[in-house]
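Trainee: This structure is in structure tokens; I'll ask about it shortly.
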Amino acid sequence: MLQPQKSREQSTVNTCLVSGRGSGAPSALERHRQAEHYDGRSDAVDFDEAWNILRSSLHEIHSKNASQLSFEELYRHAYKLVLKKKGELLYQKVKDFEEDWLAQTVQPQVLASISPTILCLETEAATIAATVNEKRADGEKLLRSLKGAWEDHNLCMNMITDVLMYMERVYCKDFRKPSIFTASMGQFRDCVLRSPIQSDHDRRTTIGKLVTAVILYQIHMDREGDIIDKALLKSCVYMLEGLFESEEEDESTRLYLTSFEEDFLLASRAFYSTEGSRLLLDADAGTFCRHARKRADEERDRCRSTLSPLTLPKIKAVIEEELIRRHLGDVIALENSGVRYMLDNDLVDELEMIYDLSARVDSDKVELRKAVQGRIKQLGTDVNHAASNVGMSGVVKQALPKPEITNAETGETEPQVKALDKPVNQQTAAAIQWVDDVLRLKQKYDLVLLQAFQGDQILQTAITRSFSDFINELDRSSEYLSLFFDDHMRKGIKGKTENEVDVLIEQGILLLGYIQDKDMFERYYKKHLSKRLLMKRSISMDAERQMISKMKLAVGNAFTTRIEKMFLDMNTSADLTSSYKQYVNSLGDPDPRRVELDVSVLTSTVWPVETLMTSTKEGESRSACIFPAGIERVKHGFQKFYLGKHSGRQLTWQAKLGTAEVRGFFPECKGQKKTRDLTVSTHGMLILLLFNDMGKDDTITCEEIQARTNIPMNDLFRNLQSLSVAPKTRILRKTPMSKDVKLSDRFSFNESYYNPAQKIKVLLVTSGNQVEGLEERSETERKNDDERQGVIDAALVRIMKQRKELAHQKLIAEVIGQLNTRFSPDIPMVKKRIESLIEREYLERLEKEPASYRYLA
Amino acid sequence: MGSAKRESSGLEEDCTREDSGKKQRISFTNVNMILITVGPEKAKHYVHSPLLCEESGFFRAAINSGFKESSEQVIDLPGEKAEHLDNFIHWLYREKFPKLSAEIVNNTEYPKHDNDIIKSTDRLCYQFTFADKYDIPRLRKYVLLELIKLAHNCKAPSASMIVRYYEATVKKSPLRRLLCDWYTLRVGQKFFESDEYQEGFSQSPEWAVDLLAACARNWAAPPKQQVVAIMKADNYF
């Protein structure tokens, strides 16, 4: 403003100076300049003349008659005015013109489109009763009128900006004025949007506020399901987005943000707050989720199609807060339709929605996690209960003093045998059932995780933890799992394809991963495996090996080495037996009555020999059984052969684990053939052989049998039971006939035994792998604890040897770290082992803080 | 129609185009020819519309903005001469001006034909105002570069020419700055006292001010005579 004026003054003064100084006649230069005046480059351009032309043209432009105007002419006039330093004046005049136009022509047009019905929208006073349709129509009328005004204004201002291009480039840039376009946008804001509505009494309502109210009302209608003109709304929003609070046009001062968005968010918050509460009362969880998701999608679409993308994150936050976060916990917990219901009824789609909603508002998905975990825990506990209830009842029955049952009458023995077997069998079945149940549960939740929770990491961890929790809550889980494997290895995998077996093994191993006390599992697995191997019960050795290799992958090398060693023993034993047979043949002993011998040499440290021998109770003499001479001879022969190969070893014969095939002749047997091939336990063979030397009706008491064979009492009872009580293999007669065997019972050979089959397997009453009784169980636990002590000792020494000195807490932590893959060590036990090591002078306690130990070499 | 969009494609874009010098690929397939008529005789020039639109803000607006020109596809420039438009179109298609009848050679230290230089300078200066008026940033740049080449070897234009171009430009115009710098390069102190300059200063005091600023900028210390000359030109009363 200042500078051009100053230079103009200078110019006039200077002209005076020249004329005063000069000779009077115009110099050549001046003549030149004067000539140029006629070219239209004169100083003396009359501003008013040019402005009049421009002004009437601006009017024409606004009246949409621009196509009659010559752009070049208007441009030239504006150019010259600027060149002659009239930019300032021109700018101001144009601005004045625009303001006038907006206030006098545009504003009344827009005001005219306002109907009284929509005035109450803003004031929220429903003074005028109008139908929804009327309100919509009237609202649209206002919006349409405003949209038209805005679009016209834009169009014209673009044209005017073109005309005034030189002014913009030179004057506005130089004097840092907002472009005429920007300035006129501000005028539109002030003269149209911010102009008060006359009919309003408190005079605070403006067109802009009314527009906001109309848009919000239309959006409300849209949310309620009415159809609205979204394109019209979008145009008006676009206008608000294009207008700014000030001429700096700072992004954050868009009118959309400053005067619309907040109202919109407030209205939305109120809307969704009520809707959320109402839905929770009326709808079930699935409906709620579906609705919430639909609303979220709607709002996203609304931001794209009707409002501005700028609002998307904000409205998203409103929905998440009002509709989702506030109610999600309640929805998840809904009694008859919540997450629990969905899980129980496999409503994958609804779970997926719940997951989706949870993920929106909470990256940790606390509520959902809790619900899922709770359900798993509950189901898991149920499964555990089912298993242990059967188990408990069985154990109780088994533990009952036996005489009570033996009181039964002779005729009823058969069912009673079953009754005795049943609880144990039931229990075993329950164990396997437990594993099946757990696997089924696991499969179900894997599916839920994959399909509904998109494999979410957090939920996966939570589910895994829940499974691990309840599995380890059942202290027999390792035993049950091993029994499950045993069952499948003995029967289950018959007729299954390799793939099916694969899947089965893999599932089992998956469970193994959850089990904390892996050493316990190893113990049971070895026990069960050894029985399978020794009694040749395994259906497929391939499957066994596959299982081991899978276990190795899943839980590590150390775990399986001892089990593998068992397989190795079996293989070497087979080799040994065949080479022994060759040796015997080479001796050329032609005796046809000679006993054939198959021997399995088991490394005592690897095989759970003790476990296998549990039936010898503490304190009972462990003296070996007495074999008849023929057998004894063969035994000696082998012993000699073996020791000749491996000197310095000791062979202990485990008659309990062996089986024998004997051929029996039953003179009173029905049918042609009077002989039967019997497969009995080694003990059973010893018992049967006694009857070879006896007459037809001779009897022998149980006590006598014991004396002559030295079979441990327990095994003797069981063998006698299976030989004389079990209905299909009643090779001996027992008097009195009762279910239980007592020392005083008498036995004789049953010459009239008949069985249509040629080969008969005499099963021991409890030959298969079964659930342990309570006593057995505590025995196993005790043994396991003993072994653990050794393992802990070893770990302690290993750590201390390396560290020399270590604080107590750190030592404990390291021990736990080292042993975690096998079992989770009991802290008091670790402390006891430390004490014990100190006593044995492996460690010494250091007198300092924190409590520490030193390794003594 | 969008206000924000329109704004961003205003001045800034011209600057970037001027700065980077990168030109978009123009397709000449099926494009309109714009008829530009010049002077009172309305001499006809046909130019490819995209080329015009790319280079010039004025032509872009004239062709697209909904005035008479855009519907008729004819632009009448009654105030221009055919020669000037020729230069422009020549540059438009070939990126340079046509030769003068005897164009000066770049390396001549003392040009033989002062007249040619004056004509050359005059033409360049005029084309600058042309480019300025019709918003052709790249042409402005081209002209300024050509003028700098001249300033290298040739004497400065006459005071009267300078006064003339001061009238056709505005304050801070690059042409003005260039002319003043050229003076400090080629004109000795003694010139300031000559009548020609005195008269020029008095006609265009803005020139005097600019020249002083240029001297202060380009000369180590402002020479006394020069200051005196300026003092004479200016009026203290």
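Simple scheme: letters A, B, ... for chains in structure tokens order, numbers from 1 for residues in each chain, numbers from 1 for ligands in the order shown.
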DSSP on the backbone: which residues in segment 412-545 of chain A end up as alpha helix (DSSP H)? Give the answer as an MDAnalysis selection string.

Mentor: chainID A and resid 413:451 457:473 477:487 498:514 518:534 541:545

Trainee: Identify all chain A residues at most 6 Å from chain B by counting only C-alpha atoms; ligands do not count. Present them as a count of residues only.

Mentor: 11

Trainee: Name all residues at most 7 Å from segment 265-274 of chain A (count only C-alpha atoms; drop same-chain ones fewer than 4 positions away) and give them as a list in words.

Mentor: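 Neighbouring residues, sequence-local ones excluded: Glu261, Arg278, Ile315, Val318, Ile319, Glu322 and Leu323 of chain A.
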
Trainee: To one decimal place in Å, what is the distance between atom CA of Asp436 of chain A and atom CA of Glu498 of chain A?

Mentor: 19.4 Å

Trainee: So which residues touch Ser578 of chain A within 12 Å, counting only C-alpha atoms, skipping near sequence neighbours fewer than 3 positions away, as JSON, numbers by chain?

Mentor: {"A": [571, 572, 573, 574, 575, 581, 582, 583, 584, 585, 596, 597, 598, 599, 600, 638]}

Trainee: Between B:Phe128, B:Asn153, B:Asn218, B:Ile162, which residue has the minimum interatomic distance to Asp181 of chain B, considering only C-alpha atoms?

Mentor: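 The shortest atom-to-atom distance to Asp181 of chain B comes from B:Asn218.
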
Trainee: In Å to one decimal, how far is atom CA of Arg304 of chain A from atom CA of Leu142 of chain A?

Mentor: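 Interatomic distance here is 22.8 Å.
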
Trainee: Could you tell me which of B:Glu41, B:Ala229, B:Arg25, B:Lys119 comes closest to Tyr197 of chain B if we count only C-alpha atoms?

Mentor: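 The closest residue to Tyr197 of chain B is B:Ala229.
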
Trainee: For atom CA of Asp456 of chain A and atom CA of Arg295 of chain A, determine how far apart the two atoms are, in Å to one decimal place.

Mentor: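 Result for atom CA of Asp456 of chain A versus atom CA of Arg295 of chain A: 23.9 Å, one decimal.
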